[in-house]
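See below for data02.csv, which holds CSV, C-alpha atoms.
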```csv
chain,number,residue,atom,x,y,z
A,12,MET,CA,43.3,29.0,-50.3
A,13,GLN,CA,41.4,30.6,-53.2
A,14,THR,CA,41.7,27.4,-55.3
A,15,GLY,CA,40.2,25.4,-52.4
A,16,VAL,CA,37.3,27.8,-52.1
A,17,LEU,CA,36.6,27.8,-55.8
A,18,SER,CA,36.7,24.0,-55.8
A,19,ARG,CA,34.2,23.8,-52.9
A,20,VAL,CA,31.9,26.3,-54.7
A,21,GLY,CA,32.1,24.2,-57.9
A,22,ALA,CA,31.2,21.1,-55.9
A,23,VAL,CA,28.2,22.8,-54.3
A,24,ARG,CA,27.0,24.0,-57.7
A,25,ARG,CA,27.3,20.5,-59.2
A,26,VAL,CA,25.3,19.1,-56.3
A,27,LEU,CA,22.6,21.7,-56.6
A,28,ALA,CA,22.3,21.3,-60.4
A,29,ARG,CA,22.1,17.5,-60.1
A,30,ALA,CA,19.5,17.8,-57.2
A,31,LEU,CA,17.3,20.1,-59.3
A,32,MET,CA,17.6,17.8,-62.2
A,33,GLY,CA,16.4,15.0,-60.0
A,34,VAL,CA,13.4,17.0,-58.8
A,35,TRP,CA,12.5,17.9,-62.4
A,36,LEU,CA,12.6,14.3,-63.5
A,37,ILE,CA,10.6,13.0,-60.5
A,38,GLY,CA,7.9,15.5,-61.2
A,39,ALA,CA,7.8,14.9,-65.0
A,40,MET,CA,4.6,13.3,-66.1
A,41,SER,CA,5.7,12.7,-69.7
A,42,ALA,CA,8.9,12.8,-71.7
A,43,ALA,CA,9.5,15.1,-74.6
A,44,SER,CA,10.8,14.1,-78.0
A,45,ALA,CA,14.3,12.5,-78.2
A,46,TYR,CA,17.3,14.8,-78.2
A,47,ASP,CA,20.7,14.1,-79.7
A,48,LEU,CA,23.9,14.4,-77.6
A,49,THR,CA,27.0,14.2,-79.8
A,50,VAL,CA,30.8,14.3,-79.5
A,51,THR,CA,32.1,16.3,-82.4
A,52,PRO,CA,34.0,15.5,-84.5
A,53,ALA,CA,33.2,11.8,-84.3
A,54,THR,CA,36.8,10.8,-85.2
A,55,GLN,CA,40.1,12.7,-85.6
A,56,THR,CA,43.7,11.8,-86.0
A,57,THR,CA,46.6,13.9,-84.8
A,58,GLY,CA,50.3,13.7,-83.8
A,59,LEU,CA,52.1,13.6,-80.5
A,60,GLY,CA,52.3,17.0,-78.7
A,61,SER,CA,49.4,18.6,-80.5
A,62,GLU,CA,46.3,20.1,-79.0
A,63,ILE,CA,42.9,18.5,-79.6
A,64,SER,CA,39.5,20.0,-79.2
A,65,ILE,CA,36.2,18.2,-79.1
A,66,ALA,CA,32.7,19.8,-78.7
A,67,VAL,CA,29.7,18.3,-77.0
A,68,THR,CA,26.6,19.4,-78.9
A,69,ALA,CA,22.8,19.0,-78.3
A,70,ALA,CA,20.4,18.8,-81.2
A,71,ASP,CA,16.7,18.3,-82.0
A,72,LEU,CA,15.8,20.8,-79.2
A,73,VAL,CA,12.6,22.2,-80.6
A,74,PRO,CA,10.1,22.9,-79.0
A,75,GLY,CA,11.2,22.3,-75.4
A,76,ALA,CA,14.8,23.6,-75.6
A,77,LEU,CA,17.5,22.2,-73.2
A,78,GLY,CA,16.8,23.2,-69.6
A,79,GLY,CA,19.4,21.1,-67.8
A,80,TYR,CA,21.9,18.3,-68.2
A,81,SER,CA,24.2,16.0,-66.2
A,82,PHE,CA,26.6,13.4,-67.7
A,83,ASP,CA,30.1,12.0,-67.7
A,84,LEU,CA,32.7,12.0,-70.5
A,85,SER,CA,35.5,9.4,-70.2
A,86,PHE,CA,38.8,9.3,-72.1
A,87,GLU,CA,42.1,7.3,-72.2
A,88,GLY,CA,44.6,9.1,-69.9
A,89,SER,CA,47.6,7.5,-71.5
A,90,VAL,CA,46.7,9.0,-74.8
A,91,LEU,CA,45.0,12.3,-73.9
A,92,GLY,CA,45.8,14.8,-71.1
A,93,PHE,CA,43.0,17.1,-70.0
A,94,ASP,CA,43.7,20.8,-70.4
A,95,ARG,CA,40.6,23.0,-70.1
A,96,VAL,CA,36.8,23.4,-70.8
A,97,VAL,CA,35.2,26.4,-72.6
A,98,ASP,CA,31.5,27.0,-72.0
A,99,GLY,CA,29.2,27.4,-75.0
A,100,PHE,CA,27.0,29.8,-73.0
A,101,GLY,CA,23.7,28.4,-74.4
A,102,MET,CA,22.0,27.8,-71.1
A,103,GLY,CA,20.9,31.5,-70.6
A,104,ALA,CA,21.7,34.1,-68.0
A,105,ASN,CA,19.6,32.5,-65.3
A,106,SER,CA,21.5,29.3,-64.9
A,107,PHE,CA,23.8,27.7,-62.4
A,108,GLY,CA,26.6,27.9,-65.0
A,109,LEU,CA,28.7,25.1,-66.3
A,110,SER,CA,30.3,23.0,-63.6
A,111,TYR,CA,32.8,20.2,-64.2
A,112,ALA,CA,35.1,18.0,-62.2
A,113,LEU,CA,37.9,15.6,-63.2
A,114,SER,CA,38.2,12.2,-61.5
A,115,GLY,CA,40.8,9.9,-63.0
A,116,ASN,CA,39.9,9.6,-66.7
A,117,THR,CA,36.3,10.9,-66.3
A,118,LEU,CA,35.0,14.4,-66.6
A,119,SER,CA,31.6,15.1,-65.0
A,120,PHE,CA,29.5,18.0,-66.3
A,121,ALA,CA,26.3,19.6,-65.1
A,122,ASP,CA,24.2,22.8,-65.6
A,123,THR,CA,20.6,23.8,-65.1
A,124,SER,CA,18.8,26.9,-66.4
A,125,PHE,CA,15.7,28.8,-65.0
A,126,ASP,CA,15.0,30.6,-68.3
A,127,ASP,CA,11.8,29.9,-70.3
A,128,PRO,CA,11.7,27.8,-73.5
A,129,ALA,CA,11.4,30.8,-75.8
A,130,THR,CA,14.5,32.5,-74.2
A,131,LEU,CA,16.5,29.3,-74.4
A,132,LEU,CA,15.5,28.5,-77.9
A,133,SER,CA,16.6,32.0,-79.0
A,134,LEU,CA,20.1,31.1,-77.7
A,135,GLN,CA,20.1,27.4,-78.6
A,136,GLY,CA,18.1,27.1,-81.8
A,137,PRO,CA,17.6,23.5,-82.9
A,138,SER,CA,21.1,22.7,-81.9
A,139,PHE,CA,24.1,24.3,-80.0
A,140,THR,CA,27.4,23.5,-78.4
A,141,LEU,CA,27.2,22.9,-74.7
A,142,PHE,CA,31.0,23.3,-74.3
A,143,THR,CA,34.3,22.5,-75.9
A,144,VAL,CA,37.0,20.3,-74.2
A,145,TYR,CA,40.7,20.7,-74.9
A,146,PHE,CA,43.2,17.9,-74.6
A,147,ASP,CA,46.9,17.4,-75.2
A,148,ALA,CA,48.1,14.4,-77.2
A,149,VAL,CA,50.4,12.8,-74.6
A,150,GLY,CA,50.8,9.2,-76.0
A,151,ALA,CA,50.3,7.2,-79.1
A,152,GLY,CA,47.1,5.2,-79.5
A,153,THR,CA,43.4,5.6,-79.7
A,154,SER,CA,41.2,7.2,-77.0
A,155,PHE,CA,37.4,6.7,-77.1
A,156,LEU,CA,35.4,9.7,-75.8
A,157,ALA,CA,32.4,8.0,-74.2
A,158,LEU,CA,29.3,9.7,-72.8
A,159,SER,CA,27.6,8.0,-69.9
A,160,GLY,CA,25.3,8.7,-67.0
A,161,VAL,CA,23.3,11.1,-69.2
A,162,THR,CA,20.3,13.0,-67.8
A,163,LEU,CA,18.6,15.6,-69.9
A,164,ALA,CA,15.6,17.8,-69.2
A,165,ASP,CA,13.7,20.4,-71.3
A,166,ALA,CA,12.9,23.9,-70.1
A,167,PHE,CA,9.5,22.7,-68.8
A,168,GLY,CA,11.2,20.4,-66.4
A,169,ASN,CA,10.3,17.2,-68.3
A,170,GLY,CA,12.9,14.5,-68.6
A,171,VAL,CA,13.7,13.8,-72.3
A,172,ASP,CA,14.7,10.7,-74.2
A,173,PHE,CA,18.0,11.0,-76.0
A,174,THR,CA,20.4,9.3,-78.3
A,175,SER,CA,24.1,9.8,-77.5
A,176,TYR,CA,27.0,9.5,-80.0
A,177,ASP,CA,30.5,8.9,-78.8
A,178,GLY,CA,33.8,9.9,-80.4
A,179,SER,CA,37.4,8.9,-80.7
A,180,VAL,CA,40.8,10.5,-81.1
A,181,THR,CA,43.8,8.6,-82.6
A,182,VAL,CA,47.3,9.9,-81.8
A,183,GLU,CA,50.1,8.9,-84.1
A,184,SER,CA,53.8,8.8,-83.3
A,185,VAL,CA,54.9,11.2,-86.0
A,186,VAL,CA,58.7,11.8,-86.1
A,187,THR,CA,60.1,14.2,-88.6
A,188,PRO,CA,63.6,13.1,-89.7
A,189,VAL,CA,66.3,15.6,-89.1
A,190,PRO,CA,69.6,15.6,-91.2
A,191,GLU,CA,72.7,14.6,-89.3
A,192,PRO,CA,75.0,17.5,-88.6
A,193,GLY,CA,77.8,16.1,-90.8
A,194,THR,CA,75.5,16.1,-93.9
A,195,LEU,CA,74.6,19.7,-93.7
A,196,PRO,CA,77.9,21.0,-95.1
A,197,LEU,CA,77.7,18.5,-97.9
A,198,LEU,CA,74.2,19.6,-98.8
A,199,ALA,CA,75.4,23.2,-98.9
A,200,LEU,CA,78.4,22.4,-101.1
A,201,GLY,CA,76.2,20.4,-103.4
A,202,GLY,CA,73.9,23.4,-103.8
A,203,LEU,CA,76.8,25.7,-104.6
A,204,ALA,CA,78.2,23.2,-107.2
A,205,LEU,CA,74.8,23.1,-109.0
A,206,MET,CA,74.6,26.9,-109.1
A,207,TRP,CA,78.2,27.1,-110.5
A,208,VAL,CA,77.4,24.5,-113.3
A,209,LYS,CA,74.2,26.3,-114.2
A,210,ARG,CA,76.0,29.7,-114.5
A,211,LYS,CA,78.8,28.1,-116.6
A,212,ASN,CA,76.3,26.7,-119.0
A,213,GLN,CA,74.5,30.0,-119.3
A,214,ARG,CA,77.8,31.8,-120.2
A,215,ALA,CA,78.6,29.1,-122.8
A,216,ARG,CA,75.3,29.6,-124.5
A,217,SER,CA,75.6,33.4,-124.5
A,218,LYS,CA,79.0,33.2,-126.2
A,219,ALA,CA,77.7,30.9,-128.8
```
With the file now loaded, output its structure as structure tokens.
Amino acid sequence: MQTGVLSRVGAVRRVLARALMGVWLIGAMSAASAYDLTVTPATQTTGLGSEISIAVTAADLVPGALGGYSFDLSFEGSVLGFDRVVDGFGMGANSFGLSYALSGNTLSFADTSFDDPATLLSLQGPSFTLFTVYFDAVGAGTSFLALSGVTLADAFGNGVDFTSYDGSVTVESVVTPVPEPGTLPLLALGGLALMWVKRKNQRARSKA
């Protein structure tokens, strides 16, 4: 019951955040300078079973700061399994708070702040991490991490131009060879033999 309630609350927050973003953009008379939205790191390689983290960062935020965002992040489900999201807490205290939803292989994110530009810039600076997404490497291959449906607004409510930079993760089938059980006693005997020969040689040199 509690999970269902939280899910509905999250859905309402996403709708409200996206609606407010729409009002801001409709009322915007001019766009601010272009922002950068980036998946970081751009590329990484890992092995099966490992945990992968990617950050989504916003940059070039001076002087308007980032007042709201809404966009999707898609990935390859046969390679990556979604685990969790950790908020970067750069949208200020007076915000809806990060909301996200998973649909198939697409994560949808939204947040809107009511703080003024000075307050937001004190938190965000020229760049900051919106959030970090954690995945599990579930299959070998390459997964592109693609940003789409991006809407950004500054703290004045103006829609902003942007450049987005996607990322990718390559998962390799790394198998560490394990010695067969029958070879372990042989390896142990070999080690003992080497130690015996070394001690014999040392004794022979000391007598000489």
message: Let me make sure I understand: among A:Glu62, A:Asp71, A:Asp147, A:Asp126, which one has the smallest atom-to-atom distance to A:Val90 if we use all atoms listed in the file?
response: A:Asp147
Atom-to-atom span, atom CA of A:Asp83 and atom CA of A:Phe120, Å: 6.2 Å
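Taking atom CA of A:Glu183 as the reference point, atom CA of A:Val149 is found at 10.3 Å.
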Write out as a PDB file with C-alpha atoms, keeping the file's coordinate frame the residues lying within 10 Å of A:Tyr176, counting all atoms listed in the file and excluding same-chain residues fewer than 6 positions away.
```pdb
ATOM      1  CA  ASP A  47      20.700  14.100 -79.700  1.00  0.00           C
ATOM      2  CA  LEU A  48      23.900  14.400 -77.600  1.00  0.00           C
ATOM      3  CA  THR A  49      27.000  14.200 -79.800  1.00  0.00           C
ATOM      4  CA  VAL A  50      30.800  14.300 -79.500  1.00  0.00           C
ATOM      5  CA  THR A  51      32.100  16.300 -82.400  1.00  0.00           C
ATOM      6  CA  ALA A  53      33.200  11.800 -84.300  1.00  0.00           C
ATOM      7  CA  VAL A  67      29.700  18.300 -77.000  1.00  0.00           C
ATOM      8  CA  THR A  68      26.600  19.400 -78.900  1.00  0.00           C
ATOM      9  CA  LEU A 156      35.400   9.700 -75.800  1.00  0.00           C
ATOM     10  CA  ALA A 157      32.400   8.000 -74.200  1.00  0.00           C
ATOM     11  CA  LEU A 158      29.300   9.700 -72.800  1.00  0.00           C
TER      12      LEU A 158
END
```
task: Pick out the residues sitting within 10 Å of A:Gly150, and hand them over as a ChimeraX atom specification; count only C-alpha atoms, and ignore anything fewer than 4 positions along from it in its own chain.
output: /A:58-60,87-92,154,181-184
field: Å distance separating atom CA of A:Pro74 from atom CA of A:Gly160, one decimal place
entry: 24.0 Å
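Using only C-alpha atoms, the nearest neighbour of A:Ser64 within the list A:Ser133, A:Gly152, A:Tyr80, A:Arg95 is A:Arg95.
Closest approach to A:Ala104 among A:Phe86, A:Gly178, A:Gly79, A:Leu131: A:Leu131, based on only C-alpha atoms.
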task: Skip A:Ser119 itself and residues of its chain fewer than 2 positions away, then list as an NGL selection string all residues within 6 Å of it, counting all atoms listed in the file.
output: :A and (82-83 or 111-112)
Export, as a short mmCIF file (atom, residue, chain, number, x, y, z; two decimals), in the coordinates of the input, the selected residues with C-alpha atoms.
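Saved to selection_33.cif:
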```cif
data_model
loop_
_atom_site.label_atom_id
_atom_site.label_comp_id
_atom_site.auth_asym_id
_atom_site.auth_seq_id
_atom_site.Cartn_x
_atom_site.Cartn_y
_atom_site.Cartn_z
CA PHE A 82 26.60 13.40 -67.70
CA ASP A 83 30.10 12.00 -67.70
CA TYR A 111 32.80 20.20 -64.20
CA ALA A 112 35.10 18.00 -62.20
#
```
message: Which residue is closest to A:Pro128? Choose from A:Leu163, A:Val73, A:Val180, A:Ala151 and count all atoms listed in the file.
response: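 Smallest separation from A:Pro128 among the options: A:Val73.
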